[in-house]
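Report on one structure; see the data block that follows.
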Amino acid sequence: AKAQGKNCYELYSSQLTKEAVQSFQLEQDLRIAIHARQLLLHFQPQFSLCSGELCGLEVLVRWQHPEKGMMPPGEFIALAEETNLIIPLGWQVIELACEQILIWQEQGYMVPPVAINISPKQLLEADFIEHINSILDRFGIARSQIELEITESLIMQDPDYAIEQLNLLRHAGYRLAIDDFGIGYSSLNRLKQLPLDRLKIDYSFTRDIGTNPRDEAIIITVIALGKSLNIEVLAEGVETEAQQAFLKAHGCDSVQGYLLGRPVPEQELRILKVA
Ligand code: C2E
Ligand code: CA
Ligand code: CA
Ligand code: CA
């Protein structure tokens, strides 16, 4: 039994070492990827349920890894957060998004608000506002063209500073959205203090429309909350006609999901209208 225990331990420890080495390797690769500009963007359309028109685009980062191929963000964003690489990564995403908006505008397209995911770590940086302003100014992009998507965890980390930072961004002209709404714990009292344009209902609620009455009740409540606070409500992860019909019937403002459009590279996005 003792010998067996030892074997187990060795197996376990070598497994741990292997994982540590892999994650260190991935960190090095990601560091290089940011410098070598192996990151690229996909864009997912958002549609108004009232008019059916395109009302926004969400930017989703992709990593073209030289050996592993296209890596989804689920496989590197958490590591980027742990290692602070999320900060240079986040700046690169903002630059790439501005570059693309400018290209579309020069081609004569009307570009709806472009939503960018911002890590709490990046948003809490002291010079965040000056830095993002300087990027937009460099590309000549209006601030109202950009929607910053933040999660509730930001507000939980340092509520007073977060609220101050969000107010400054709103006054500077940026649109603000709370991402994955419903899975965090921000109190209604905090929500009332935030200068928001949009709430994004998390996929985990949308998914259960038609099967889980509790999730349906939460969705209906969030839509009502949005209406009373004068904040637009978007449901993400809409995959079926039935889900969309439910959301429309209950007054949800807009939707995003595989039903109407997957995230795609810019050359596959063929729905922009000429200005
Ligand atoms: P998120 O912000 O909640 O983004 C939505 C995710 O749901 C995206 O996954 C998108 O591809 C996926 N999705 C969209 N429609 C549907 C649908 O109908 N069904 C299903 N099952 N999924 C759908 P993705 O691109 O893998 O991104 C995952 C997460 O990675 C994002 O979640 C976001 O938290 C993070 N992320 C992505 N890009 C960035 C970025 O540039 N910066 C930061 N900080 N985080 C990012
Ligand atoms: Ca998002
Ligand atoms: Ca989301
Ligand atoms: Ca999510």
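A note on labels: chains of the structure tokens are A, B, ... as shown, every chain counts residues from 1, and ligands are counted from 1 in their shown order.
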Report the closest atom pair, with its distance in Å rounded to one decimal, for each residue of segment 206-260 of chain A that has an atom no farther than 9 Å from segment 33-45 of chain A; count only C-alpha atoms, sort by chain and then rising residue number, and write it as a Markdown table.
| residue | atom | partner | partner_atom | distance |
| --- | --- | --- | --- | --- |
| A:Val255 | CA | A:Pro45 | CA | 8.8 |
| A:Gln256 | CA | A:Pro45 | CA | 6.4 |
| A:Gly257 | CA | A:Gln44 | CA | 7.9 |
| A:Tyr258 | CA | A:Gln44 | CA | 9.0 |
| A:Leu260 | CA | A:Pro45 | CA | 7.7 |
(message) Give me, as a PyMOL selection string, all polymer residues having an atom no more than 10 Å from Gln100 of chain A, counting only C-alpha atoms and skipping those fewer than 6 positions away in the same chain.
(response) chain A and resi 41+94+106+139+266
Export of the given selection (N, CA and C atoms) as a tab-separated table (two decimals), in the first residue's frame:
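result_31.tsv, freshly written:
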chain	number	residue	atom	x	y	z
A	41	LEU	N	-9.15	39.89	-34.81
A	41	LEU	CA	-10.49	40.12	-34.27
A	41	LEU	C	-11.56	39.45	-35.12
A	94	ILE	N	-8.04	47.13	-28.73
A	94	ILE	CA	-8.63	48.45	-28.97
A	94	ILE	C	-8.03	49.08	-30.24
A	106	GLU	N	-13.71	54.52	-44.24
A	106	GLU	CA	-13.11	55.01	-45.48
A	106	GLU	C	-13.70	54.33	-46.71
A	139	PHE	N	-6.70	57.57	-34.46
A	139	PHE	CA	-7.42	57.03	-35.61
A	139	PHE	C	-8.57	57.93	-36.06
A	266	GLU	N	-13.54	40.19	-40.54
A	266	GLU	CA	-14.18	41.34	-41.20
A	266	GLU	C	-14.60	41.07	-42.65
Please extract the residues at most 6 Å from ligand 3, counting only C-alpha atoms and all ligand atoms, and provide them as a PDB file with C-alpha atoms, in the first residue's frame, using the chain letters and residue numbers of this document.
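selection-v3.pdb was written with the following content:
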ATOM      1  CA  ASP A 179     -21.645  42.061 -19.748  1.00  0.00           C
ATOM      2  CA  ASP A 180     -22.885  38.663 -18.494  1.00  0.00           C
ATOM      3  CA  ASP A 202     -25.865  36.230 -19.974  1.00  0.00           C
TER       4      ASP A 202
END
Give the residue list for ligand 2 at 12 Å, counting only C-alpha atoms and all ligand atoms, as a JSON list (two decimals) with all heavy atoms, in the first residue's frame, sorted by chain and then by residue number.
[["chain", "number", "residue", "atom", "x", "y", "z"],
["A", 43, "PHE", "N", -15.93, 39.65, -35.44],
["A", 43, "PHE", "CA", -17.00, 40.59, -35.12],
["A", 43, "PHE", "C", -18.32, 39.85, -35.14],
["A", 43, "PHE", "O", -18.61, 39.11, -36.08],
["A", 43, "PHE", "CB", -17.03, 41.72, -36.16],
["A", 43, "PHE", "CG", -15.76, 42.51, -36.19],
["A", 43, "PHE", "CD1", -14.67, 42.10, -36.97],
["A", 43, "PHE", "CD2", -15.62, 43.66, -35.43],
["A", 43, "PHE", "CE1", -13.48, 42.82, -36.99],
["A", 43, "PHE", "CE2", -14.43, 44.39, -35.43],
["A", 43, "PHE", "CZ", -13.36, 43.97, -36.21],
["A", 44, "GLN", "N", -19.12, 40.04, -34.10],
["A", 44, "GLN", "CA", -20.44, 39.40, -34.06],
["A", 44, "GLN", "C", -21.52, 40.48, -34.08],
["A", 44, "GLN", "O", -21.50, 41.41, -33.27],
["A", 44, "GLN", "CB", -20.60, 38.52, -32.82],
["A", 44, "GLN", "CG", -21.91, 37.73, -32.87],
["A", 44, "GLN", "CD", -22.07, 36.76, -31.72],
["A", 44, "GLN", "OE1", -21.60, 36.99, -30.61],
["A", 44, "GLN", "NE2", -22.74, 35.65, -31.98],
["A", 46, "GLN", "N", -25.11, 42.49, -33.71],
["A", 46, "GLN", "CA", -26.21, 42.62, -32.74],
["A", 46, "GLN", "C", -27.36, 43.28, -33.48],
["A", 46, "GLN", "O", -27.14, 44.20, -34.27],
["A", 46, "GLN", "CB", -25.77, 43.53, -31.58],
["A", 46, "GLN", "CG", -24.51, 43.02, -30.87],
["A", 46, "GLN", "CD", -23.93, 44.02, -29.88],
["A", 46, "GLN", "OE1", -24.09, 45.23, -30.04],
["A", 46, "GLN", "NE2", -23.25, 43.51, -28.87],
["A", 57, "LEU", "N", -21.79, 45.78, -33.10],
["A", 57, "LEU", "CA", -20.87, 44.69, -33.41],
["A", 57, "LEU", "C", -20.04, 44.44, -32.18],
["A", 57, "LEU", "O", -19.52, 45.39, -31.60],
["A", 57, "LEU", "CB", -19.92, 45.08, -34.55],
["A", 57, "LEU", "CG", -20.49, 45.33, -35.93],
["A", 57, "LEU", "CD1", -19.39, 45.92, -36.83],
["A", 57, "LEU", "CD2", -21.03, 44.04, -36.54],
["A", 58, "GLU", "N", -19.94, 43.18, -31.74],
["A", 58, "GLU", "CA", -19.03, 42.90, -30.62],
["A", 58, "GLU", "C", -17.72, 42.35, -31.15],
["A", 58, "GLU", "O", -17.72, 41.47, -32.02],
["A", 58, "GLU", "CB", -19.64, 41.90, -29.62],
["A", 58, "GLU", "CG", -18.66, 41.63, -28.46],
["A", 58, "GLU", "CD", -19.19, 40.75, -27.33],
["A", 58, "GLU", "OE1", -20.35, 40.30, -27.40],
["A", 58, "GLU", "OE2", -18.41, 40.52, -26.38],
["A", 59, "VAL", "N", -16.65, 42.88, -30.63],
["A", 59, "VAL", "CA", -15.30, 42.45, -30.99],
["A", 59, "VAL", "C", -14.90, 41.27, -30.10],
["A", 59, "VAL", "O", -14.98, 41.37, -28.88],
["A", 59, "VAL", "CB", -14.31, 43.62, -30.73],
["A", 59, "VAL", "CG1", -12.88, 43.14, -30.80],
["A", 59, "VAL", "CG2", -14.57, 44.76, -31.69],
["A", 60, "LEU", "N", -14.50, 40.16, -30.72],
["A", 60, "LEU", "CA", -14.05, 38.99, -29.96],
["A", 60, "LEU", "C", -12.65, 38.61, -30.45],
["A", 60, "LEU", "O", -12.44, 38.38, -31.64],
["A", 60, "LEU", "CB", -15.05, 37.84, -30.11],
["A", 60, "LEU", "CG", -16.41, 38.17, -29.46],
["A", 60, "LEU", "CD1", -17.54, 37.37, -30.07],
["A", 60, "LEU", "CD2", -16.36, 37.98, -27.94],
["A", 61, "VAL", "N", -11.71, 38.60, -29.52],
["A", 61, "VAL", "CA", -10.31, 38.38, -29.91],
["A", 61, "VAL", "C", -10.06, 36.91, -30.26],
["A", 61, "VAL", "O", -10.68, 36.02, -29.69],
["A", 61, "VAL", "CB", -9.35, 38.88, -28.80],
["A", 61, "VAL", "CG1", -9.39, 37.99, -27.57],
["A", 61, "VAL", "CG2", -7.91, 39.00, -29.31],
["A", 73, "PRO", "N", -10.70, 32.43, -27.12],
["A", 73, "PRO", "CA", -10.31, 33.20, -25.93],
["A", 73, "PRO", "C", -10.46, 32.44, -24.62],
["A", 73, "PRO", "O", -9.72, 32.68, -23.67],
["A", 73, "PRO", "CB", -11.23, 34.43, -25.95],
["A", 73, "PRO", "CG", -12.21, 34.20, -27.02],
["A", 73, "PRO", "CD", -11.72, 33.12, -27.90],
["A", 114, "VAL", "N", -19.35, 49.81, -31.80],
["A", 114, "VAL", "CA", -18.51, 48.60, -31.73],
["A", 114, "VAL", "C", -18.20, 48.33, -30.26],
["A", 114, "VAL", "O", -17.64, 49.18, -29.57],
["A", 114, "VAL", "CB", -17.23, 48.80, -32.57],
["A", 114, "VAL", "CG1", -16.25, 47.65, -32.35],
["A", 114, "VAL", "CG2", -17.59, 48.93, -34.06],
["A", 115, "ALA", "N", -18.62, 47.15, -29.79],
["A", 115, "ALA", "CA", -18.47, 46.81, -28.37],
["A", 115, "ALA", "C", -17.17, 46.05, -28.14],
["A", 115, "ALA", "O", -16.87, 45.08, -28.84],
["A", 115, "ALA", "CB", -19.65, 45.96, -27.92],
["A", 116, "ILE", "N", -16.39, 46.51, -27.17],
["A", 116, "ILE", "CA", -15.10, 45.90, -26.86],
["A", 116, "ILE", "C", -15.11, 45.42, -25.41],
["A", 116, "ILE", "O", -15.49, 46.17, -24.51],
["A", 116, "ILE", "CB", -13.94, 46.91, -27.08],
["A", 116, "ILE", "CG1", -14.00, 47.48, -28.51],
["A", 116, "ILE", "CG2", -12.60, 46.26, -26.79],
["A", 116, "ILE", "CD1", -12.92, 48.53, -28.80],
["A", 117, "ASN", "N", -14.71, 44.16, -25.20],
["A", 117, "ASN", "CA", -14.62, 43.61, -23.84],
["A", 117, "ASN", "C", -13.40, 44.19, -23.13],
["A", 117, "ASN", "O", -12.29, 44.12, -23.65],
["A", 117, "ASN", "CB", -14.48, 42.09, -23.90],
["A", 117, "ASN", "CG", -15.75, 41.44, -24.40],
["A", 117, "ASN", "OD1", -16.74, 41.35, -23.69],
["A", 117, "ASN", "ND2", -15.72, 41.02, -25.67],
["A", 118, "ILE", "N", -13.62, 44.73, -21.95],
["A", 118, "ILE", "CA", -12.51, 45.33, -21.20],
["A", 118, "ILE", "C", -12.37, 44.59, -19.87],
["A", 118, "ILE", "O", -13.32, 44.47, -19.11],
["A", 118, "ILE", "CB", -12.76, 46.83, -20.91],
["A", 118, "ILE", "CG1", -13.05, 47.62, -22.20],
["A", 118, "ILE", "CG2", -11.59, 47.44, -20.15],
["A", 118, "ILE", "CD1", -11.89, 47.79, -23.15],
["A", 119, "SER", "N", -11.15, 44.10, -19.63],
["A", 119, "SER", "CA", -10.90, 43.40, -18.36],
["A", 119, "SER", "C", -10.91, 44.41, -17.21],
["A", 119, "SER", "O", -10.42, 45.53, -17.36],
["A", 119, "SER", "CB", -9.55, 42.70, -18.47],
["A", 119, "SER", "OG", -8.88, 42.75, -17.24],
["A", 147, "GLU", "N", -18.40, 51.04, -27.52],
["A", 147, "GLU", "CA", -19.10, 50.62, -26.30],
["A", 147, "GLU", "C", -18.13, 49.76, -25.50],
["A", 147, "GLU", "O", -17.57, 48.80, -26.03],
["A", 147, "GLU", "CB", -20.35, 49.81, -26.67],
["A", 147, "GLU", "CG", -21.14, 49.34, -25.46],
["A", 147, "GLU", "CD", -22.54, 48.85, -25.87],
["A", 147, "GLU", "OE1", -23.41, 49.68, -26.18],
["A", 147, "GLU", "OE2", -22.73, 47.61, -25.88],
["A", 148, "LEU", "N", -17.92, 50.10, -24.24],
["A", 148, "LEU", "CA", -17.02, 49.31, -23.40],
["A", 148, "LEU", "C", -17.85, 48.31, -22.61],
["A", 148, "LEU", "O", -18.77, 48.69, -21.89],
["A", 148, "LEU", "CB", -16.25, 50.25, -22.46],
["A", 148, "LEU", "CG", -15.46, 51.36, -23.19],
["A", 148, "LEU", "CD1", -14.86, 52.34, -22.18],
["A", 148, "LEU", "CD2", -14.37, 50.77, -24.07],
["A", 149, "GLU", "N", -17.54, 47.01, -22.78],
["A", 149, "GLU", "CA", -18.25, 45.96, -22.06],
["A", 149, "GLU", "C", -17.47, 45.59, -20.82],
["A", 149, "GLU", "O", -16.31, 45.17, -20.91],
["A", 149, "GLU", "CB", -18.43, 44.70, -22.93],
["A", 149, "GLU", "CG", -19.42, 44.88, -24.01],
["A", 149, "GLU", "CD", -19.84, 43.54, -24.65],
["A", 149, "GLU", "OE1", -19.49, 42.46, -24.12],
["A", 149, "GLU", "OE2", -20.52, 43.59, -25.68],
["A", 150, "ILE", "N", -18.12, 45.74, -19.69],
["A", 150, "ILE", "CA", -17.45, 45.40, -18.44],
["A", 150, "ILE", "C", -18.30, 44.39, -17.68],
["A", 150, "ILE", "O", -19.49, 44.27, -17.93],
["A", 150, "ILE", "CB", -17.23, 46.67, -17.58],
["A", 150, "ILE", "CG1", -18.57, 47.37, -17.41],
["A", 150, "ILE", "CG2", -16.23, 47.60, -18.25],
["A", 150, "ILE", "CD1", -18.55, 48.43, -16.39],
["A", 151, "THR", "N", -17.66, 43.67, -16.77],
["A", 151, "THR", "CA", -18.42, 42.67, -16.02],
["A", 151, "THR", "C", -18.69, 43.19, -14.61],
["A", 151, "THR", "O", -18.06, 44.12, -14.15],
["A", 151, "THR", "CB", -17.66, 41.33, -15.93],
["A", 151, "THR", "OG1", -16.39, 41.61, -15.39],
["A", 151, "THR", "CG2", -17.51, 40.68, -17.29],
["A", 152, "GLU", "N", -19.64, 42.52, -13.97],
["A", 152, "GLU", "CA", -20.01, 42.95, -12.62],
["A", 152, "GLU", "C", -18.85, 42.80, -11.64],
["A", 152, "GLU", "O", -18.81, 43.49, -10.63],
["A", 152, "GLU", "CB", -21.20, 42.12, -12.13],
["A", 152, "GLU", "CG", -22.49, 42.43, -12.86],
["A", 152, "GLU", "CD", -23.57, 41.41, -12.51],
["A", 152, "GLU", "OE1", -23.51, 40.28, -13.01],
["A", 152, "GLU", "OE2", -24.46, 41.74, -11.73],
["A", 176, "LEU", "N", -21.40, 52.51, -22.40],
["A", 176, "LEU", "CA", -21.01, 51.51, -21.38],
["A", 176, "LEU", "C", -22.05, 50.41, -21.28],
["A", 176, "LEU", "O", -23.26, 50.69, -21.24],
["A", 176, "LEU", "CB", -20.87, 52.18, -20.01],
["A", 176, "LEU", "CG", -19.83, 53.29, -19.86],
["A", 176, "LEU", "CD1", -19.90, 53.90, -18.47],
["A", 176, "LEU", "CD2", -18.42, 52.74, -20.11],
["A", 177, "ALA", "N", -21.58, 49.17, -21.23],
["A", 177, "ALA", "CA", -22.49, 48.03, -21.09],
["A", 177, "ALA", "C", -22.00, 47.11, -19.99],
["A", 177, "ALA", "O", -20.79, 46.96, -19.78],
["A", 177, "ALA", "CB", -22.57, 47.25, -22.40],
["A", 178, "ILE", "N", -22.93, 46.51, -19.27],
["A", 178, "ILE", "CA", -22.57, 45.45, -18.30],
["A", 178, "ILE", "C", -22.76, 44.12, -19.01],
["A", 178, "ILE", "O", -23.84, 43.82, -19.51],
["A", 178, "ILE", "CB", -23.46, 45.50, -17.04],
["A", 178, "ILE", "CG1", -23.24, 46.79, -16.28],
["A", 178, "ILE", "CG2", -23.19, 44.27, -16.18],
["A", 178, "ILE", "CD1", -22.31, 46.70, -15.10],
["A", 179, "ASP", "N", -21.66, 43.36, -19.06],
["A", 179, "ASP", "CA", -21.65, 42.06, -19.75],
["A", 179, "ASP", "C", -22.05, 40.95, -18.77],
["A", 179, "ASP", "O", -21.87, 41.10, -17.57],
["A", 179, "ASP", "CB", -20.22, 41.80, -20.23],
["A", 179, "ASP", "CG", -20.14, 40.77, -21.34],
["A", 179, "ASP", "OD1", -21.19, 40.30, -21.80],
["A", 179, "ASP", "OD2", -19.01, 40.45, -21.74],
["A", 180, "ASP", "N", -22.56, 39.85, -19.30],
["A", 180, "ASP", "CA", -22.89, 38.66, -18.49],
["A", 180, "ASP", "C", -23.79, 39.02, -17.32],
["A", 180, "ASP", "O", -23.63, 38.48, -16.21],
["A", 180, "ASP", "CB", -21.60, 38.00, -17.95],
["A", 180, "ASP", "CG", -20.65, 37.60, -19.07],
["A", 180, "ASP", "OD1", -21.08, 37.53, -20.22],
["A", 180, "ASP", "OD2", -19.47, 37.36, -18.77],
["A", 181, "PHE", "N", -24.72, 39.94, -17.55],
["A", 181, "PHE", "CA", -25.54, 40.41, -16.44],
["A", 181, "PHE", "C", -26.38, 39.27, -15.86],
["A", 181, "PHE", "O", -26.96, 38.49, -16.60],
["A", 181, "PHE", "CB", -26.44, 41.57, -16.85],
["A", 181, "PHE", "CG", -27.15, 42.19, -15.69],
["A", 181, "PHE", "CD1", -26.46, 42.97, -14.78],
["A", 181, "PHE", "CD2", -28.50, 41.96, -15.48],
["A", 181, "PHE", "CE1", -27.09, 43.52, -13.68],
["A", 181, "PHE", "CE2", -29.15, 42.50, -14.37],
["A", 181, "PHE", "CZ", -28.44, 43.28, -13.48],
["A", 198, "ARG", "N", -26.39, 49.92, -21.52],
["A", 198, "ARG", "CA", -26.87, 48.59, -21.84],
["A", 198, "ARG", "C", -26.60, 47.54, -20.79],
["A", 198, "ARG", "O", -25.55, 47.57, -20.14],
["A", 198, "ARG", "CB", -26.12, 48.16, -23.10],
["A", 198, "ARG", "CG", -26.97, 47.53, -24.13],
["A", 198, "ARG", "CD", -26.09, 47.19, -25.29],
["A", 198, "ARG", "NE", -26.86, 47.24, -26.50],
["A", 198, "ARG", "CZ", -26.38, 46.93, -27.67],
["A", 198, "ARG", "NH1", -25.12, 46.60, -27.80],
["A", 198, "ARG", "NH2", -27.15, 46.96, -28.73],
["A", 199, "LEU", "N", -27.55, 46.62, -20.66],
["A", 199, "LEU", "CA", -27.32, 45.40, -19.87],
["A", 199, "LEU", "C", -27.30, 44.25, -20.86],
["A", 199, "LEU", "O", -28.19, 44.15, -21.71],
["A", 199, "LEU", "CB", -28.48, 45.15, -18.90],
["A", 199, "LEU", "CG", -28.71, 46.13, -17.76],
["A", 199, "LEU", "CD1", -29.96, 45.71, -16.97],
["A", 199, "LEU", "CD2", -27.50, 46.14, -16.84],
["A", 200, "LYS", "N", -26.34, 43.36, -20.75],
["A", 200, "LYS", "CA", -26.30, 42.18, -21.61],
["A", 200, "LYS", "C", -26.65, 40.96, -20.77],
["A", 200, "LYS", "O", -25.89, 40.57, -19.87],
["A", 200, "LYS", "CB", -24.92, 42.01, -22.24],
["A", 200, "LYS", "CG", -24.56, 43.13, -23.20],
["A", 200, "LYS", "CD", -23.28, 42.82, -23.96],
["A", 200, "LYS", "CE", -23.53, 41.86, -25.11],
["A", 200, "LYS", "NZ", -22.27, 41.56, -25.85],
["A", 201, "ILE", "N", -27.78, 40.36, -21.06],
["A", 201, "ILE", "CA", -28.23, 39.18, -20.33],
["A", 201, "ILE", "C", -27.35, 38.00, -20.72],
["A", 201, "ILE", "O", -27.18, 37.70, -21.91],
["A", 201, "ILE", "CB", -29.70, 38.84, -20.63],
["A", 201, "ILE", "CG1", -30.61, 40.00, -20.18],
["A", 201, "ILE", "CG2", -30.11, 37.52, -19.97],
["A", 201, "ILE", "CD1", -32.09, 39.76, -20.50],
["A", 202, "ASP", "N", -26.79, 37.32, -19.71],
["A", 202, "ASP", "CA", -25.86, 36.23, -19.97],
["A", 202, "ASP", "C", -26.52, 35.07, -20.72],
["A", 202, "ASP", "O", -27.69, 34.76, -20.53],
["A", 202, "ASP", "CB", -25.27, 35.72, -18.65],
["A", 202, "ASP", "CG", -24.10, 34.78, -18.89],
["A", 202, "ASP", "OD1", -23.13, 35.22, -19.51],
["A", 202, "ASP", "OD2", -24.18, 33.60, -18.49],
["A", 203, "TYR", "N", -25.69, 34.42, -21.52],
["A", 203, "TYR", "CA", -26.07, 33.25, -22.30],
["A", 203, "TYR", "C", -26.73, 32.16, -21.45],
["A", 203, "TYR", "O", -27.65, 31.47, -21.90],
["A", 203, "TYR", "CB", -24.79, 32.72, -22.97],
["A", 203, "TYR", "CG", -24.92, 31.39, -23.65],
["A", 203, "TYR", "CD1", -25.83, 31.23, -24.69],
["A", 203, "TYR", "CD2", -24.14, 30.30, -23.26],
["A", 203, "TYR", "CE1", -25.95, 30.02, -25.34],
["A", 203, "TYR", "CE2", -24.26, 29.09, -23.90],
["A", 203, "TYR", "CZ", -25.17, 28.95, -24.94],
["A", 203, "TYR", "OH", -25.29, 27.75, -25.56],
["A", 234, "LEU", "N", -29.94, 43.77, -23.94],
["A", 234, "LEU", "CA", -29.59, 42.86, -25.03],
["A", 234, "LEU", "C", -29.44, 41.45, -24.47],
["A", 234, "LEU", "O", -28.85, 41.27, -23.40],
["A", 234, "LEU", "CB", -28.27, 43.30, -25.69],
["A", 234, "LEU", "CG", -27.72, 42.37, -26.80],
["A", 234, "LEU", "CD1", -27.10, 43.19, -27.93],
["A", 234, "LEU", "CD2", -26.70, 41.37, -26.28],
["A", 235, "ALA", "N", -30.00, 40.47, -25.17],
["A", 235, "ALA", "CA", -29.81, 39.07, -24.75],
["A", 235, "ALA", "C", -28.75, 38.44, -25.63],
["A", 235, "ALA", "O", -28.82, 38.54, -26.86],
["A", 235, "ALA", "CB", -31.12, 38.30, -24.85],
["A", 236, "GLU", "N", -27.77, 37.78, -25.01],
["A", 236, "GLU", "CA", -26.72, 37.13, -25.80],
["A", 236, "GLU", "C", -26.97, 35.63, -25.89],
["A", 236, "GLU", "O", -27.74, 35.07, -25.13],
["A", 236, "GLU", "CB", -25.33, 37.47, -25.27],
["A", 236, "GLU", "CG", -25.09, 37.10, -23.83],
["A", 236, "GLU", "CD", -23.67, 37.43, -23.37],
["A", 236, "GLU", "OE1", -22.98, 38.24, -23.99],
["A", 236, "GLU", "OE2", -23.27, 36.85, -22.36],
["A", 237, "GLY", "N", -26.33, 35.01, -26.87],
["A", 237, "GLY", "CA", -26.44, 33.56, -27.02],
["A", 237, "GLY", "C", -27.78, 33.09, -27.56],
["A", 237, "GLY", "O", -28.23, 31.99, -27.25],
["A", 256, "GLN", "N", -28.18, 38.99, -29.78],
["A", 256, "GLN", "CA", -26.90, 38.61, -30.39],
["A", 256, "GLN", "C", -26.81, 37.11, -30.24],
["A", 256, "GLN", "O", -27.14, 36.58, -29.18],
["A", 256, "GLN", "CB", -25.79, 39.32, -29.59],
["A", 256, "GLN", "CG", -24.39, 39.01, -30.01],
["A", 256, "GLN", "CD", -23.35, 39.75, -29.13],
["A", 256, "GLN", "OE1", -23.67, 40.66, -28.39],
["A", 256, "GLN", "NE2", -22.12, 39.30, -29.23],
["A", 257, "GLY", "N", -26.40, 36.41, -31.26],
["A", 257, "GLY", "CA", -26.27, 34.96, -31.12],
["A", 257, "GLY", "C", -26.16, 34.26, -32.46],
["A", 257, "GLY", "O", -26.31, 34.88, -33.52],
["A", 263, "PRO", "N", -19.67, 35.06, -34.72],
["A", 263, "PRO", "CA", -18.52, 35.96, -34.85],
["A", 263, "PRO", "C", -17.73, 35.58, -36.10],
["A", 263, "PRO", "O", -17.45, 34.40, -36.30],
["A", 263, "PRO", "CB", -17.70, 35.68, -33.58],
["A", 263, "PRO", "CG", -18.61, 34.93, -32.65],
["A", 263, "PRO", "CD", -19.59, 34.19, -33.53]]
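In this model, the gap between atom 41 (O, counted along the ligand's line) of ligand 1 and atom CA of Asp127 of chain A comes to 18.9 Å.
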(request) Give me the residues within 12 Å of Val222 of chain A as a ChimeraX atom specification, counting only C-alpha atoms and dropping any in the same chain fewer than 5 places off. (result) /A:180-183,188,191,198-202,205-206,215-217,227-235,247,250-253
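Proximity ranking of A:Ala249, A:Asn84, A:Gly184, A:Lys192 relative to ligand 4 places A:Gly184 first, based on only C-alpha atoms and all ligand atoms.
Of the listed residues (A:Ala275, A:Ile146, A:Val93, A:Ile77), A:Ala275 comes nearest to Gln107 of chain A; the distances count only C-alpha atoms.
A straight line drawn from atom 19 (N, counted along the ligand's line) of ligand 1 to atom CA of Phe246 of chain A is 16.4 Å long.
Of the residues under consideration (A:Arg175, A:Arg170, A:Arg270, A:Arg262), A:Arg262 shows the shortest atom-to-atom contact distance to ligand 1 when counting only C-alpha atoms and all ligand atoms.
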(message) When you look at Phe24 of chain A with a cut-off of 12 Å (counting only C-alpha atoms), what residues show up, excluding the ones that are within fewer than 4 positions of it in the same chain? I need them as JSON, numbers by chain.
(response) {"A": [17, 18, 19, 20, 28, 29, 30, 31, 76, 79, 80, 82, 83]}
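You will find atom CA of Ile135 of chain A at 10.1 Å from atom CA of Gln92 of chain A.
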